[in-house]
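K.L.:
This structure is in structure tokens; I'll ask about it shortly.
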Amino acid sequence: MTPAPIDESIVDVAAPIKDTLGLPEPTLARLQKAGIDLSNGYPYRPSRPLFLDDVYKIRGTEWKHDDAGARADKSKSALLSAATKVTDLTTHIGTEIEGLQLKDLTDQQKDELALLIAERSVVFFRNQDLSPQQQLALGKYYGVVEVHPQVPQVPGQLGVSVIWPALQATERKADFRHPGGASRWHTDLVHELQPAGITHLHNDTVPPNGGDTLWASGYSAYEKLSPDFRKIIDGKYAVYRSAHPYLERENPEAGPKYIERVHPLVRVHPATGWKALWVNRAMTDRIVGLDKPESDVILNYLYDVYEKNNDIQVRFKWTPGTSALWDNRITIHSASWDYGGRYPRHGTRVTTLGEKPYFDPAAPTRRQALGLLDENELPLDGPA
């Protein structure tokens, strides 16, 4: 089943934001080369919905997600043999591919890229000649592209979100003590009925120093837990909420409320079949069935495991024209605002939604599947 069509009266009737900031030169050149109409200003922002029920309707019906990585050749030979260089940036997460243009990938290579992302969590491509239209087409190949009801878009290209910290700063002031941008550890769109799968961020303009992005591996975060602790959270569900609040139509005086959906704390990736911890400090609200103090203790520990083990993280330094493609089902990420907004930074983002999260108790961990277990990772036998 395909998702219900988006109600354009909710998200597609709005005036664009007039360009008063001044587009960075590389951004302007990229958009003009792509034939993007800038005559009415940049970017375009869909009208923001006010009410909870309107947002729940946007993608309120489940559909079948056909995961590209699950149908890929496990050897990934078509993709890897075409590259001039493939470098794993750390042991557990992050790979950089050189010598390929994303716009030129064959369908087989696109499938194999999806599998590589599922295995390595995030994959990087520098020096990409990529228009917003081509970025959107790749996202649509991977599935249903999310059109965000709150985030500015490239004009004429719904689903290509604009990531422009200088624009954000006009709405929410940022400084050293209160960094701007996406500077908290998070995962995108966890409140969706079928949350984000692959996100593709292409940065056409980056600061000369700073502005790195960090990712952490959900596979490895789960593997950091003792086998007995895993039993506590396996099969448990949590409430995940939206980044933006809305009003209840029937009771607006009650104040803003978040979109909330229930998903498993530990999920399985459909392409690899491996378990991953799926929590994030910004948008995981509580564990179902536990009192708040109990839930807070467990969640705060899980956040710390994810965020404080730097051996399961990768920190990437951007260069202009770089694309990063990561899998939100198995990662959290955070952008460093250490450049303090002193230099321009601009990118476009396309996110493909995945399957409804699920847990399988028989699924292995990544280290189990790859035969990497240490002795202390094996479960201890209980008393007879």
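By order in the structure tokens, chains are A, B, ...; within a chain, residues start at 1; ligands start at 1, following the order shown.
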List as a VMD selection string the protein and nucleic acid residues near Val266 (chain A), meaning an atom at most 9 Å away when only C-alpha atoms are counted, but skip any in the same chain fewer than 5 places from it.

P.N.:
chain A and resid 222 233 to 237 275 to 279 357 to 360

K.L.:
Name all residues at most 9 Å from region 150-162 of chain A (count only C-alpha atoms; drop same-chain ones fewer than 2 positions away) and give them as a count of residues only.

P.N.:
35

K.L.:
Could you name the residues that touch Ser75 (chain A) at 10 Å or less, counting only C-alpha atoms, but leaving out those on the same chain fewer than 2 positions away, as a list in words?

P.N.:
Ala72, Asp73, Ser77, Ala78, Leu79, Leu80, Glu112, Leu115 and Leu116 of chain A

K.L.:
Export, as a PDB file, in the first residue's frame, the selected residues with all heavy atoms.

P.N.:
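So the final result, stored in again.pdb, reads:
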```pdb
ATOM      1  N   ALA A  72      19.972  -6.181  -2.461  1.00  0.00           N
ATOM      2  CA  ALA A  72      21.276  -5.953  -3.072  1.00  0.00           C
ATOM      3  C   ALA A  72      22.130  -7.219  -3.086  1.00  0.00           C
ATOM      4  O   ALA A  72      21.975  -8.111  -2.247  1.00  0.00           O
ATOM      5  CB  ALA A  72      22.021  -4.845  -2.330  1.00  0.00           C
ATOM      6  N   ASP A  73      23.063  -7.268  -4.033  1.00  0.00           N
ATOM      7  CA  ASP A  73      24.090  -8.305  -4.056  1.00  0.00           C
ATOM      8  C   ASP A  73      24.997  -8.104  -2.843  1.00  0.00           C
ATOM      9  O   ASP A  73      25.569  -7.029  -2.655  1.00  0.00           O
ATOM     10  CB  ASP A  73      24.902  -8.178  -5.350  1.00  0.00           C
ATOM     11  CG  ASP A  73      25.973  -9.247  -5.504  1.00  0.00           C
ATOM     12  OD1 ASP A  73      26.367  -9.855  -4.490  1.00  0.00           O
ATOM     13  OD2 ASP A  73      26.430  -9.468  -6.642  1.00  0.00           O
ATOM     14  N   SER A  77      29.828  -5.785  -5.392  1.00  0.00           N
ATOM     15  CA  SER A  77      30.935  -5.684  -6.347  1.00  0.00           C
ATOM     16  C   SER A  77      30.714  -4.608  -7.400  1.00  0.00           C
ATOM     17  O   SER A  77      31.670  -3.951  -7.839  1.00  0.00           O
ATOM     18  CB  SER A  77      31.169  -7.038  -7.025  1.00  0.00           C
ATOM     19  OG  SER A  77      29.993  -7.471  -7.695  1.00  0.00           O
ATOM     20  N   ALA A  78      29.470  -4.388  -7.831  1.00  0.00           N
ATOM     21  CA  ALA A  78      29.222  -3.369  -8.849  1.00  0.00           C
ATOM     22  C   ALA A  78      29.563  -1.980  -8.330  1.00  0.00           C
ATOM     23  O   ALA A  78      30.093  -1.140  -9.066  1.00  0.00           O
ATOM     24  CB  ALA A  78      27.767  -3.423  -9.300  1.00  0.00           C
ATOM     25  N   LEU A  79      29.291  -1.722  -7.068  1.00  0.00           N
ATOM     26  CA  LEU A  79      29.592  -0.425  -6.460  1.00  0.00           C
ATOM     27  C   LEU A  79      31.073  -0.290  -6.145  1.00  0.00           C
ATOM     28  O   LEU A  79      31.733   0.666  -6.551  1.00  0.00           O
ATOM     29  CB  LEU A  79      28.767  -0.248  -5.184  1.00  0.00           C
ATOM     30  CG  LEU A  79      29.024   1.037  -4.389  1.00  0.00           C
ATOM     31  CD1 LEU A  79      28.437   2.245  -5.123  1.00  0.00           C
ATOM     32  CD2 LEU A  79      28.442   0.930  -2.982  1.00  0.00           C
ATOM     33  N   LEU A  80      31.596  -1.261  -5.415  1.00  0.00           N
ATOM     34  CA  LEU A  80      32.958  -1.137  -4.896  1.00  0.00           C
ATOM     35  C   LEU A  80      34.003  -1.225  -5.996  1.00  0.00           C
ATOM     36  O   LEU A  80      35.050  -0.553  -5.929  1.00  0.00           O
ATOM     37  CB  LEU A  80      33.204  -2.207  -3.828  1.00  0.00           C
ATOM     38  CG  LEU A  80      32.266  -2.137  -2.615  1.00  0.00           C
ATOM     39  CD1 LEU A  80      32.602  -3.244  -1.616  1.00  0.00           C
ATOM     40  CD2 LEU A  80      32.327  -0.776  -1.936  1.00  0.00           C
ATOM     41  N   GLU A 112      23.281  -1.590  -3.853  1.00  0.00           N
ATOM     42  CA  GLU A 112      24.471  -1.980  -3.093  1.00  0.00           C
ATOM     43  C   GLU A 112      24.926  -0.860  -2.160  1.00  0.00           C
ATOM     44  O   GLU A 112      25.430  -1.126  -1.064  1.00  0.00           O
ATOM     45  CB  GLU A 112      25.584  -2.392  -4.064  1.00  0.00           C
ATOM     46  CG  GLU A 112      25.248  -3.677  -4.816  1.00  0.00           C
ATOM     47  CD  GLU A 112      26.294  -4.078  -5.846  1.00  0.00           C
ATOM     48  OE1 GLU A 112      27.344  -3.393  -5.926  1.00  0.00           O
ATOM     49  OE2 GLU A 112      26.071  -5.069  -6.569  1.00  0.00           O
ATOM     50  N   LEU A 115      22.864  -1.152   0.916  1.00  0.00           N
ATOM     51  CA  LEU A 115      23.367  -2.215   1.793  1.00  0.00           C
ATOM     52  C   LEU A 115      24.624  -1.770   2.519  1.00  0.00           C
ATOM     53  O   LEU A 115      24.786  -2.036   3.721  1.00  0.00           O
ATOM     54  CB  LEU A 115      23.643  -3.477   0.974  1.00  0.00           C
ATOM     55  CG  LEU A 115      24.221  -4.659   1.765  1.00  0.00           C
ATOM     56  CD1 LEU A 115      23.317  -5.057   2.928  1.00  0.00           C
ATOM     57  CD2 LEU A 115      24.467  -5.853   0.845  1.00  0.00           C
ATOM     58  N   LEU A 116      25.522  -1.072   1.816  1.00  0.00           N
ATOM     59  CA  LEU A 116      26.738  -0.582   2.473  1.00  0.00           C
ATOM     60  C   LEU A 116      26.383   0.394   3.588  1.00  0.00           C
ATOM     61  O   LEU A 116      26.987   0.356   4.675  1.00  0.00           O
ATOM     62  CB  LEU A 116      27.646   0.097   1.450  1.00  0.00           C
ATOM     63  CG  LEU A 116      28.976   0.626   1.989  1.00  0.00           C
ATOM     64  CD1 LEU A 116      29.843  -0.510   2.520  1.00  0.00           C
ATOM     65  CD2 LEU A 116      29.730   1.414   0.923  1.00  0.00           C
TER      66      LEU A 116
END
```

K.L.:
Contacts of Arg366 (chain A) at 8 Å or less, counting only C-alpha atoms, minus same-chain residues fewer than 6 places along, as an MDAnalysis selection string?

P.N.:
chainID A and resid 219:220 223 274:275

K.L.:
Using only C-alpha atoms, find the one residue out of A:Lys57, A:His191, A:Arg329, A:Arg184 that sits nearest to Ala271 (chain A).

P.N.:
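Once distances to Ala271 (chain A) are computed over only C-alpha atoms, the minimum belongs to A:Arg329.
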
K.L.:
Measuring atom to atom with only C-alpha atoms, identify which of A:Ser131, A:Thr213, A:Ser39, A:Gln108 is nearest to Asp338 (chain A).

P.N.:
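Checking each candidate against Asp338 (chain A), we get A:Thr213 as the closest.
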
K.L.:
Let's see if you can do this: from backbone DSSP, list all helix (DSSP H, G or I) residues in region 176-274 of chain A, as a PyMOL selection string.

P.N.:
chain A and resi 218-224+227-233+252-254

K.L.:
Please, what distance in Å, to one decimal, runs between CA of Asn203 (chain A) and CA of Gly143 (chain A)?

P.N.:
22.0 Å

K.L.:
Using Å and a single decimal, report how far CA of Ser323 (chain A) sits from CA of Gln134 (chain A).

P.N.:
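About the pair CA of Gln134 (chain A) and CA of Ser323 (chain A): they are 12.2 Å apart.
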
K.L.:
Just want the 9 Å neighbourhood of region 295-310 of chain A, counted on only C-alpha atoms, with same-chain residues fewer than 6 positions away dropped. Output as a PyMOL selection string.

P.N.:
chain A and resi 185+216-218+220-222+224-225+233+277+279-281+284-289+332

K.L.:
Choose the residue, out of A:Tyr240, A:Phe229, A:Tyr258, A:Tyr343, that has the smallest atom-to-atom separation from Pro195 (chain A); count only C-alpha atoms.

P.N.:
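Counting only C-alpha atoms, the residue closest to Pro195 (chain A) is A:Tyr240.
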
K.L.:
Which residue gives the smallest distance to Leu138 (chain A) among A:Thr61, A:Thr95, A:Thr84, A:Thr106, with only C-alpha atoms counted?

P.N.:
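For Leu138 (chain A), the nearest of the given residues is A:Thr106.
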
K.L.:
Rank A:Ile163, A:Ile93, A:Ile58, A:Ala114 by their smallest atom-to-atom distance to Lys76 (chain A), using only C-alpha atoms, and report the top residue only.

P.N.:
A:Ala114
